[in-house]
file run-v1.tsv (TSV, C-alpha atoms)
chain	number	residue	atom	x	y	z
M	1	MET	CA	37.69	-53.74	46.25
M	2	LYS	CA	37.85	-57.53	46.12
M	3	ILE	CA	39.36	-59.10	49.23
M	4	PHE	CA	40.45	-62.68	49.77
M	5	ILE	CA	40.45	-63.67	53.47
M	6	LEU	CA	42.38	-66.80	54.45
M	7	GLY	CA	41.43	-68.55	57.68
M	8	ALA	CA	37.93	-67.04	57.65
M	9	SER	CA	36.51	-69.97	59.59
M	10	GLY	CA	38.91	-69.35	62.49
M	11	PHE	CA	38.52	-67.04	65.48
M	12	ILE	CA	40.28	-63.94	64.10
M	13	GLY	CA	39.57	-64.64	60.44
M	14	ASN	CA	35.84	-65.03	61.00
M	15	ALA	CA	35.65	-61.76	62.94
M	16	VAL	CA	37.52	-59.99	60.12
M	17	PHE	CA	35.17	-61.55	57.56
M	18	MET	CA	32.08	-60.38	59.45
M	19	SER	CA	33.40	-56.83	59.65
M	20	LEU	CA	34.29	-56.54	55.93
M	21	VAL	CA	31.68	-58.58	54.10
M	22	GLN	CA	29.08	-55.79	54.07
M	23	ASP	CA	31.41	-53.19	52.55
M	24	TYR	CA	33.63	-55.19	50.21
M	25	LYS	CA	33.47	-58.08	47.75
M	26	VAL	CA	34.88	-60.84	49.91
M	27	THR	CA	36.02	-64.34	48.99
M	28	ILE	CA	37.04	-66.65	51.80
M	29	GLY	CA	39.66	-69.38	51.81
M	30	SER	CA	39.61	-72.13	54.41
M	31	ARG	CA	39.29	-75.89	54.84
M	32	SER	CA	35.56	-75.53	55.54
M	33	PRO	CA	33.00	-72.97	54.29
M	34	ILE	CA	30.94	-70.53	56.31
M	35	ASP	CA	27.30	-71.60	56.34
M	36	GLY	CA	25.26	-69.63	53.84
M	37	TYR	CA	28.24	-67.95	52.15
M	38	GLU	CA	28.99	-69.10	48.60
M	39	LYS	CA	32.20	-67.25	47.71
M	40	TRP	CA	34.52	-69.87	49.13
M	41	GLU	CA	37.74	-71.54	48.01
M	42	ARG	CA	38.99	-74.71	49.66
M	43	ILE	CA	42.42	-73.84	51.07
M	44	ASP	CA	44.63	-76.10	53.14
M	45	PHE	CA	47.99	-74.68	54.20
M	46	SER	CA	49.23	-78.19	55.01
M	47	LYS	CA	49.13	-78.93	51.25
M	48	GLU	CA	50.03	-77.21	47.99
M	49	ASN	CA	47.50	-74.72	46.61
M	50	ASP	CA	47.17	-73.37	43.07
M	51	TRP	CA	47.50	-69.69	43.99
M	52	ASN	CA	47.73	-68.46	40.39
M	53	ASN	CA	44.24	-69.74	39.63
M	54	ILE	CA	42.82	-68.88	43.04
M	55	LEU	CA	43.99	-65.26	43.10
M	56	VAL	CA	42.18	-64.17	39.95
M	57	ASP	CA	40.80	-60.63	40.05
M	58	ILE	CA	41.79	-60.14	43.73
M	59	ASP	CA	42.91	-56.73	45.03
M	60	MET	CA	43.89	-57.61	48.60
M	61	VAL	CA	44.76	-60.75	50.58
M	62	ILE	CA	44.31	-60.93	54.35
M	63	ASN	CA	46.05	-63.92	55.93
M	64	ALA	CA	44.57	-64.90	59.29
M	65	VAL	CA	45.84	-68.49	59.30
M	66	GLY	CA	47.77	-69.52	62.40
M	67	ILE	CA	48.19	-72.49	64.72
M	68	ILE	CA	49.21	-72.93	68.34
M	69	GLU	CA	50.58	-76.44	67.81
M	70	GLY	CA	51.53	-78.59	64.83
M	71	ASP	CA	53.73	-78.06	61.78
M	72	PHE	CA	54.62	-74.39	62.28
M	73	GLU	CA	57.09	-74.31	59.38
M	74	GLN	CA	54.55	-75.56	56.85
M	75	ILE	CA	51.52	-73.60	58.07
M	76	GLN	CA	53.19	-70.32	59.05
M	77	THR	CA	56.16	-70.09	56.71
M	78	ILE	CA	56.18	-72.32	53.61
M	79	SER	CA	52.53	-72.04	52.56
M	80	PRO	CA	52.04	-68.33	53.25
M	81	MET	CA	55.32	-67.45	51.52
M	82	ASN	CA	54.20	-69.39	48.44
M	83	LEU	CA	50.97	-67.41	48.57
M	84	PHE	CA	52.71	-64.08	49.02
M	85	GLU	CA	55.15	-64.70	46.17
M	86	VAL	CA	52.18	-64.96	43.81
M	87	CYS	CA	50.56	-61.90	45.40
M	88	ILE	CA	53.71	-59.86	44.78
M	89	LYS	CA	53.89	-60.94	41.14
M	90	LYS	CA	50.26	-59.94	40.65
M	91	GLY	CA	50.61	-56.66	42.57
M	92	ILE	CA	48.06	-57.71	45.22
M	93	LYS	CA	48.04	-55.86	48.53
M	94	ILE	CA	48.75	-57.99	51.59
M	95	ILE	CA	47.76	-57.84	55.23
M	96	ASN	CA	49.42	-60.57	57.28
M	97	ILE	CA	48.28	-61.17	60.85
M	98	SER	CA	51.31	-62.16	62.90
M	99	ALA	CA	51.84	-61.95	66.69
M	100	VAL	CA	53.73	-59.72	69.12
M	101	GLY	CA	57.19	-61.13	69.72
M	102	ALA	CA	57.65	-62.19	66.09
M	103	GLU	CA	59.27	-58.83	65.37
M	104	LYS	CA	62.13	-59.51	67.78
M	105	GLU	CA	65.57	-60.42	66.47
M	106	ASN	CA	65.54	-63.90	68.03
M	107	PRO	CA	61.98	-65.02	68.86
M	108	ALA	CA	61.79	-67.42	71.76
M	109	ILE	CA	59.60	-70.23	70.36
M	110	PRO	CA	58.89	-71.97	67.00
M	111	PHE	CA	55.45	-70.35	66.80
M	112	LEU	CA	57.06	-66.90	66.66
M	113	LYS	CA	60.18	-67.91	64.73
M	114	THR	CA	58.17	-69.23	61.78
M	115	LYS	CA	56.00	-66.12	61.75
M	116	LYS	CA	59.10	-63.91	61.77
M	117	ILE	CA	60.52	-65.57	58.64
M	118	THR	CA	57.30	-64.81	56.77
M	119	ASP	CA	57.05	-61.30	58.18
M	120	ASP	CA	60.63	-60.46	57.25
M	121	PHE	CA	59.97	-61.70	53.72
M	122	LEU	CA	57.03	-59.28	53.44
M	123	LEU	CA	58.89	-56.25	54.78
M	124	SER	CA	60.57	-55.76	51.41
M	125	TYR	CA	57.22	-55.52	49.62
M	126	LYS	CA	55.82	-51.98	49.55
M	127	ASP	CA	52.17	-53.11	49.47
M	128	ALA	CA	52.34	-55.35	52.55
M	129	LYS	CA	51.23	-54.58	56.10
M	130	ILE	CA	52.04	-56.84	59.03
M	131	ILE	CA	49.78	-56.64	62.05
M	132	TYR	CA	51.17	-57.91	65.35
M	133	PRO	CA	48.32	-58.47	67.82
M	134	GLY	CA	48.81	-59.23	71.48
M	135	ILE	CA	46.96	-62.10	73.13
M	136	VAL	CA	43.51	-61.80	71.57
M	137	LEU	CA	40.54	-61.97	73.92
M	138	GLY	CA	36.93	-62.56	72.96
M	139	LYS	CA	34.15	-65.09	72.54
M	140	GLY	CA	35.49	-68.18	70.76
M	141	SER	CA	39.13	-67.54	71.66
M	142	LYS	CA	40.93	-70.54	73.13
M	143	SER	CA	42.94	-68.28	75.41
M	144	THR	CA	39.75	-66.61	76.68
M	145	GLN	CA	38.08	-69.98	77.24
M	146	PHE	CA	41.10	-70.99	79.31
M	147	PHE	CA	41.01	-67.72	81.26
M	148	ALA	CA	37.25	-68.13	81.80
M	149	GLU	CA	37.82	-71.53	83.38
M	150	MET	CA	40.77	-70.21	85.37
M	151	ALA	CA	38.69	-67.27	86.64
M	152	GLN	CA	36.18	-69.66	88.27
M	153	LEU	CA	38.78	-71.27	90.53
M	154	PRO	CA	38.29	-70.57	94.25
M	155	LEU	CA	41.94	-69.51	94.44
M	156	ILE	CA	43.30	-68.10	91.19
M	157	PRO	CA	47.06	-68.48	90.53
M	158	LEU	CA	48.90	-65.52	88.99
M	159	LEU	CA	52.16	-66.14	87.17
M	160	SER	CA	53.51	-62.61	87.11
M	161	PRO	CA	52.31	-59.10	87.99
M	162	ARG	CA	53.88	-57.83	84.75
M	163	PRO	CA	51.18	-57.06	82.16
M	164	SER	CA	51.30	-59.06	78.94
M	165	PRO	CA	50.31	-57.41	75.64
M	166	ILE	CA	46.64	-58.10	74.94
M	167	ILE	CA	43.81	-56.85	72.75
M	168	HIS	CA	40.11	-57.65	72.44
M	169	ILE	CA	38.88	-59.12	69.16
M	170	THR	CA	36.61	-56.12	68.52
M	171	GLN	CA	39.60	-53.80	68.91
M	172	LEU	CA	41.79	-55.92	66.65
M	173	VAL	CA	39.09	-56.05	63.97
M	174	LYS	CA	38.86	-52.25	64.02
M	175	VAL	CA	42.63	-51.99	63.53
M	176	ILE	CA	42.46	-54.41	60.59
M	177	LYS	CA	39.42	-52.70	59.05
M	178	ASP	CA	41.09	-49.29	59.32
M	179	THR	CA	44.21	-50.74	57.71
M	180	VAL	CA	42.12	-52.03	54.82
M	181	GLU	CA	40.41	-48.67	54.35
M	182	TYR	CA	43.45	-46.44	54.83
M	183	PHE	CA	46.07	-48.87	53.62
M	184	ASP	CA	48.59	-46.35	52.28
M	185	TYR	CA	48.59	-44.31	55.50
M	186	TYR	CA	49.69	-47.15	57.75
M	187	PRO	CA	53.30	-48.26	58.37
M	188	SER	CA	54.54	-51.68	57.31
M	189	GLN	CA	54.48	-52.94	60.91
M	190	ILE	CA	51.40	-52.33	63.05
M	191	PHE	CA	51.39	-53.40	66.70
M	192	ALA	CA	47.85	-54.01	67.90
M	193	VAL	CA	47.81	-53.93	71.69
M	194	SER	CA	45.52	-52.27	74.21
M	195	LYS	CA	46.50	-50.26	77.28
M	196	PRO	CA	48.46	-52.44	79.73
M	197	GLU	CA	46.47	-54.43	82.30
M	198	ASN	CA	47.62	-57.13	84.67
M	199	LEU	CA	46.12	-60.60	84.53
M	200	ALA	CA	44.16	-60.08	87.75
M	201	LYS	CA	42.16	-57.28	86.16
M	202	ILE	CA	41.46	-59.35	83.05
M	203	LEU	CA	40.35	-62.35	85.09
M	204	THR	CA	38.14	-60.14	87.26
M	205	ALA	CA	36.43	-58.79	84.14
M	206	ILE	CA	35.93	-62.31	82.82
M	207	ARG	CA	34.68	-63.58	86.18
M	208	GLY	CA	32.31	-60.64	86.55
M	209	LYS	CA	33.38	-60.12	90.14
M	210	LYS	CA	36.56	-60.01	92.16
M	211	GLY	CA	38.21	-63.30	92.98
M	212	LYS	CA	40.95	-64.42	95.34
M	213	PHE	CA	44.38	-64.44	93.75
M	214	ILE	CA	47.66	-66.02	94.75
M	215	LYS	CA	51.02	-65.08	93.23
M	216	MET	CA	52.94	-68.06	91.90
M	217	PRO	CA	56.72	-67.67	91.43
M	218	PRO	CA	57.71	-68.39	87.80
M	219	ILE	CA	60.37	-70.79	89.11
M	220	ILE	CA	57.58	-73.24	90.03
M	221	PHE	CA	56.32	-73.40	86.45
M	222	ASN	CA	59.85	-73.44	85.04
M	223	LEU	CA	60.71	-76.42	87.25
M	224	PHE	CA	57.45	-78.18	86.34
M	225	PHE	CA	58.07	-77.84	82.60
M	226	ARG	CA	61.68	-78.88	83.02
M	227	ILE	CA	60.49	-82.14	84.58
M	228	PHE	CA	57.48	-82.50	82.25
M	229	PRO	CA	58.43	-80.63	79.04
M	230	LYS	CA	55.44	-82.00	77.09
M	231	ALA	CA	52.85	-81.20	79.75
M	232	GLU	CA	49.88	-78.99	78.87
M	233	ILE	CA	47.35	-77.23	81.07
M	234	GLY	CA	44.81	-76.19	78.49
M	235	ILE	CA	46.70	-73.85	76.14
M	236	PHE	CA	49.35	-73.26	78.78
M	237	ASN	CA	52.53	-75.22	78.04
M	238	LYS	CA	56.29	-74.77	78.00
M	239	ASN	CA	56.23	-72.67	74.82
M	240	MET	CA	53.49	-70.42	76.19
M	241	MET	CA	55.46	-69.98	79.41
M	242	THR	CA	58.56	-69.02	77.42
M	243	MET	CA	56.62	-66.56	75.27
M	244	LEU	CA	54.95	-64.84	78.23
M	245	SER	CA	58.34	-64.50	79.92
M	246	SER	CA	59.94	-62.92	76.84
M	247	ILE	CA	57.35	-60.24	75.94
M	248	SER	CA	55.87	-57.39	77.93
M	249	ALA	CA	53.14	-54.83	77.35
M	250	ALA	CA	55.73	-52.15	78.18
M	251	ASP	CA	57.48	-52.95	74.88
M	252	TYR	CA	54.56	-51.65	72.80
M	253	THR	CA	52.62	-48.42	72.36
M	254	PRO	CA	48.91	-49.11	72.91
M	255	VAL	CA	46.53	-48.31	70.06
M	256	CYS	CA	43.27	-48.72	72.00
M	257	ASP	CA	41.74	-48.60	75.48
M	258	GLU	CA	41.79	-51.41	78.02
M	259	ALA	CA	40.64	-54.73	76.60
M	260	SER	CA	38.81	-55.58	79.83
M	261	THR	CA	36.19	-52.93	79.05
M	262	LYS	CA	35.12	-54.99	76.03
M	263	ILE	CA	34.67	-58.25	77.93
M	264	ASN	CA	31.12	-59.45	78.57
M	265	PRO	CA	31.15	-62.45	80.95
M	266	ALA	CA	27.76	-63.57	79.58
M	267	ASP	CA	29.30	-64.08	76.11
M	268	LEU	CA	32.11	-66.32	77.28
M	269	ILE	CA	32.10	-70.09	77.04
M	270	LYS	CA	34.16	-71.73	79.73
M	271	SER	CA	36.53	-74.48	78.74
M	272	ASN	CA	36.71	-77.76	80.64
M	273	TYR	CA	40.48	-77.69	81.09
M	274	PHE	CA	40.62	-77.77	84.87
M	275	PRO	CA	37.86	-80.38	85.42
M	276	MET	CA	39.64	-82.51	82.80
M	277	ILE	CA	42.96	-82.10	84.58
M	278	ALA	CA	41.37	-82.99	87.92
M	279	ALA	CA	39.68	-86.07	86.44
M	280	ILE	CA	42.87	-87.26	84.71
M	281	ALA	CA	44.94	-86.67	87.86
M	282	ALA	CA	42.39	-88.55	89.99
M	283	ILE	CA	42.36	-91.56	87.67
M	284	SER	CA	46.14	-91.53	87.45
M	285	PHE	CA	46.40	-91.46	91.24
M	286	ILE	CA	44.02	-94.43	91.63
M	287	TRP	CA	46.04	-96.59	89.23
M	288	LEU	CA	49.45	-95.56	90.56
M	289	TRP	CA	48.44	-95.97	94.19
M	290	SER	CA	46.79	-99.32	93.44
M	291	GLY	CA	50.04	-100.55	91.89
M	292	ILE	CA	52.17	-99.31	94.77
M	293	THR	CA	49.91	-100.55	97.58
M	294	SER	CA	49.66	-104.00	96.00
M	295	LEU	CA	53.40	-104.30	96.69
M	296	ILE	CA	53.31	-102.61	100.09
M	297	SER	CA	50.40	-104.79	101.24
M	298	TRP	CA	51.93	-107.95	99.84
M	299	ASP	CA	50.20	-110.34	102.23
M	300	GLU	CA	46.74	-109.03	101.39
M	301	SER	CA	47.49	-109.18	97.66
M	302	TYR	CA	48.79	-112.74	98.04
M	303	ASN	CA	45.75	-113.82	100.08
M	304	LEU	CA	43.44	-112.42	97.39
M	305	MET	CA	45.23	-114.43	94.71
M	306	GLN	CA	44.93	-117.55	96.85
M	307	GLU	CA	41.26	-116.84	97.43
M	308	ILE	CA	40.47	-116.88	93.72
M	309	GLY	CA	42.37	-120.15	93.24
M	310	ALA	CA	45.82	-119.08	92.02
M	311	GLY	CA	48.80	-121.22	93.01
M	312	HIS	CA	51.86	-119.91	94.81
M	313	SER	CA	53.96	-119.21	91.70
M	314	ALA	CA	50.98	-117.85	89.75
M	315	SER	CA	50.06	-115.54	92.64
M	316	ILE	CA	53.50	-113.97	92.66
M	317	VAL	CA	53.50	-113.53	88.88
M	318	PHE	CA	49.97	-112.06	88.84
M	319	ILE	CA	50.77	-109.60	91.64
M	320	TYR	CA	53.87	-108.27	89.89
M	321	LEU	CA	52.17	-108.12	86.49
M	322	GLY	CA	49.18	-106.34	88.03
M	323	CYS	CA	51.41	-103.80	89.78
M	324	ILE	CA	53.32	-103.07	86.57
M	325	ALA	CA	50.09	-102.75	84.59
M	326	ASP	CA	48.56	-100.39	87.18
M	327	ILE	CA	51.61	-98.12	87.25
M	328	VAL	CA	51.99	-98.06	83.46
M	329	LEU	CA	48.30	-97.22	82.99
M	330	GLY	CA	48.53	-94.53	85.68
M	331	ILE	CA	51.45	-92.82	83.98
M	332	SER	CA	50.44	-93.28	80.35
M	333	ILE	CA	47.10	-91.48	80.75
M	334	PHE	CA	49.11	-88.26	80.53
M	335	TRP	CA	50.21	-89.26	77.01
M	336	LYS	CA	47.77	-87.05	75.15
M	337	LYS	CA	48.09	-88.65	71.71
M	338	LYS	CA	47.40	-92.13	73.07
M	339	ARG	CA	44.99	-91.21	75.87
M	340	ARG	CA	41.94	-92.74	74.19
M	341	LEU	CA	43.73	-96.08	73.85
M	342	VAL	CA	44.92	-95.89	77.46
M	343	LEU	CA	41.37	-95.20	78.66
M	344	ILE	CA	40.08	-98.18	76.68
M	345	ALA	CA	42.78	-100.37	78.24
M	346	GLN	CA	41.85	-99.08	81.71
M	347	MET	CA	38.15	-99.81	81.22
M	348	LEU	CA	38.86	-103.31	79.92
M	349	PHE	CA	41.25	-103.97	82.78
M	350	ILE	CA	38.62	-102.87	85.34
M	351	LEU	CA	35.91	-104.88	83.61
M	352	VAL	CA	37.98	-108.09	83.55
M	353	TYR	CA	39.04	-107.59	87.19
M	354	THR	CA	35.40	-107.02	88.22
M	355	ILE	CA	34.13	-110.09	86.37
M	356	ILE	CA	36.82	-112.34	87.86
M	357	LEU	CA	36.07	-111.25	91.44
M	358	THR	CA	32.33	-111.38	90.83
M	359	LEU	CA	32.62	-115.03	89.76
M	360	LEU	CA	35.28	-116.20	92.19
M	361	ALA	CA	34.88	-113.89	95.20
M	362	PRO	CA	31.43	-112.27	94.97
M	363	HIS	CA	31.38	-111.27	98.64
M	364	TYR	CA	33.59	-108.30	97.73
M	365	TRP	CA	30.45	-106.61	96.36
M	366	LEU	CA	29.32	-106.36	99.99
M	367	HIS	CA	32.64	-105.04	101.28
M	368	PRO	CA	31.98	-101.80	103.28
M	369	PHE	CA	34.91	-100.05	101.56
M	370	GLY	CA	33.42	-100.69	98.11
M	371	VAL	CA	36.19	-102.89	96.73
M	372	LEU	CA	34.12	-103.66	93.63
M	373	SER	CA	31.30	-101.10	93.69
M	374	LYS	CA	33.82	-98.27	93.21
M	375	ASN	CA	34.67	-99.71	89.82
M	376	ILE	CA	31.33	-98.53	88.43
M	377	PRO	CA	31.98	-94.75	88.83
M	378	LEU	CA	35.60	-95.28	87.77
M	379	ILE	CA	34.47	-96.87	84.49
M	380	ALA	CA	31.93	-94.06	84.04
M	381	LEU	CA	34.59	-91.37	84.56
M	382	SER	CA	36.99	-93.13	82.20
M	383	TYR	CA	34.26	-93.33	79.56
M	384	TYR	CA	33.47	-89.63	80.04
M	385	LEU	CA	37.12	-88.72	79.44
M	386	TYR	CA	37.19	-91.02	76.42
M	387	GLN	CA	34.24	-89.15	74.90
M	388	ARG	CA	35.67	-85.72	75.75
M	389	LYS	CA	39.07	-86.36	74.15
call {"tool": "encode", "arguments": {"input": "run-v1.tsv", "output": "structure tokens"}}
result
Amino acid sequence: MKIFILGASGFIGNAVFMSLVQDYKVTIGSRSPIDGYEKWERIDFSKENDWNNILVDIDMVINAVGIIEGDFEQIQTISPMNLFEVCIKKGIKIINISAVGAEKENPAIPFLKTKKITDDFLLSYKDAKIIYPGIVLGKGSKSTQFFAEMAQLPLIPLLSPRPSPIIHITQLVKVIKDTVEYFDYYPSQIFAVSKPENLAKILTAIRGKKGKFIKMPPIIFNLFFRIFPKAEIGIFNKNMMTMLSSISAADYTPVCDEASTKINPADLIKSNYFPMIAAIAAISFIWLWSGITSLISWDESYNLMQEIGAGHSASIVFIYLGCIADIVLGISIFWKKKRRLVLIAQMLFILVYTIILTLLAPHYWLHPFGVLSKNIPLIALSYYLYQRK
């Protein structure tokens, strides 16, 4: 059987490819090839693709393309439906990897809504199977990287004691491989979830030892995302919060044992989400507090302006402009799309400030509170964040 796997360079798609390539004639479709594998077609779901020419002599298509942010309608509805229309005309079998929650009548978030449209389209085709995995754990998974970082915290916050539907990548791959092999014996909708486990057990397995947990009322996160709807803590954002609140492991019949038994802490790569958040928050605090204290300590700010030779009117203007600049830079660092530009502006601002005081008031280098010397690690931290973006 000749199988065409879309998204084979991604987390799930690559695992599916590795499990099938030895037993079947596999062609992969993705924006980038897999090193050493020649049967590759350049596919980009953000653009039009010539499916009629691509799907020549193909028996089965497995779609593992999905995104957690971006143009959901294009990537998860328009492009795959164009693909599947051609598959149906050619009589090609289809396995579409969706997500739990997409089967509900009114999915809670765009990620699931766009998947549901595609899934519902496929339900009328007799040779289509839709696999709905829970949160997929495993090496290379963004969710697992986030959990790995979270598990290292000295005090680990828990959102809810209610288990969310999960599955390990090795378990999901087995479900998909069995579906490929025994295609006609499987129902149209396949829910791939493991036996229910709470988050504390998963995090303990990832950590490799028991940690200290604290229960966090959902109202805290709901209030936070109401105030900051665009905020992100790694992969955790308002949409993720909504999705976790709307689905439960109790809604699904497990098809495999606990996912935690498949976790090997040595295989996991921690993310840098929490150190990044701490660094960004620290820099933001420095700028905001600098802007506020320049106004509170007006006399000291004014005396500094006088010391470097500014006149009365210029001193007042420079103090207010400096305060506004500090506060704007402190807030705008949370603007993810423009963070690199904000960090550049911060570094330039610090550099100019340091040069001016070095030339006009060099004694501040000897100040016991490090008025100028603290600028060096601040520039270094800003540059580190700039490189990590």
call {"tool": "residues_near_point", "arguments": {"input": "run-v1.tsv", "point": "(54.5, -106.5, 97.6)", "cutoff": "12 Å", "atoms": "all atoms listed in the file", "output": "list in words"}}
result
Ser290, Gly291, Ile292, Thr293, Ser294, Leu295, Ile296, Ser297, Trp298, Asp299, Glu300, Ser301, Tyr302, Asn303, Ser315, Ile316, Val317, Phe318, Ile319, Tyr320, Leu321, Gly322, Cys323 and Ile324 of chain M
call {"tool": "residues_around", "arguments": {"input": "run-v1.tsv", "residues": "Ile379 of chain M", "least_positions_apart": "4", "cutoff": "9 Å", "atoms": "only C-alpha atoms", "output": "NGL selection string"}}
result
:M and (346-347 or 350-351 or 374-375 or 383-384)
call {"tool": "closest_residue", "arguments": {"input": "run-v1.tsv", "among": "M:Lys116, M:Lys212, M:Arg31, M:Lys129", "to": "Val175 of chain M", "atoms": "only C-alpha atoms"}}
result
M:Lys129
call {"tool": "residues_around", "arguments": {"input": "run-v1.tsv", "residues": "segment 138-141 of chain M", "least_positions_apart": "6", "cutoff": "9 Å", "atoms": "only C-alpha atoms", "output": "list in words"}}
result
Phe11, Ile12, Ile167, His168, Ile169, Thr170, Lys262, Ile263, Asn264, Asp267, Leu268 and Ile269 of chain M
call {"tool": "closest_residue", "arguments": {"input": "run-v1.tsv", "among": "M:Glu85, M:Gly13, M:Pro157, M:Glu73", "to": "Ile117 of chain M", "atoms": "all atoms listed in the file"}}
result
M:Glu73
call {"tool": "atom_distance", "arguments": {"input": "run-v1.tsv", "atom1": "atom CA of Leu378 of chain M", "atom2": "atom CA of Ala148 of chain M"}}
result
27.8 Å
call {"tool": "atom_distance", "arguments": {"input": "run-v1.tsv", "atom1": "atom CA of Leu158 of chain M", "atom2": "atom CA of Pro110 of chain M"}}
result
25.0 Å
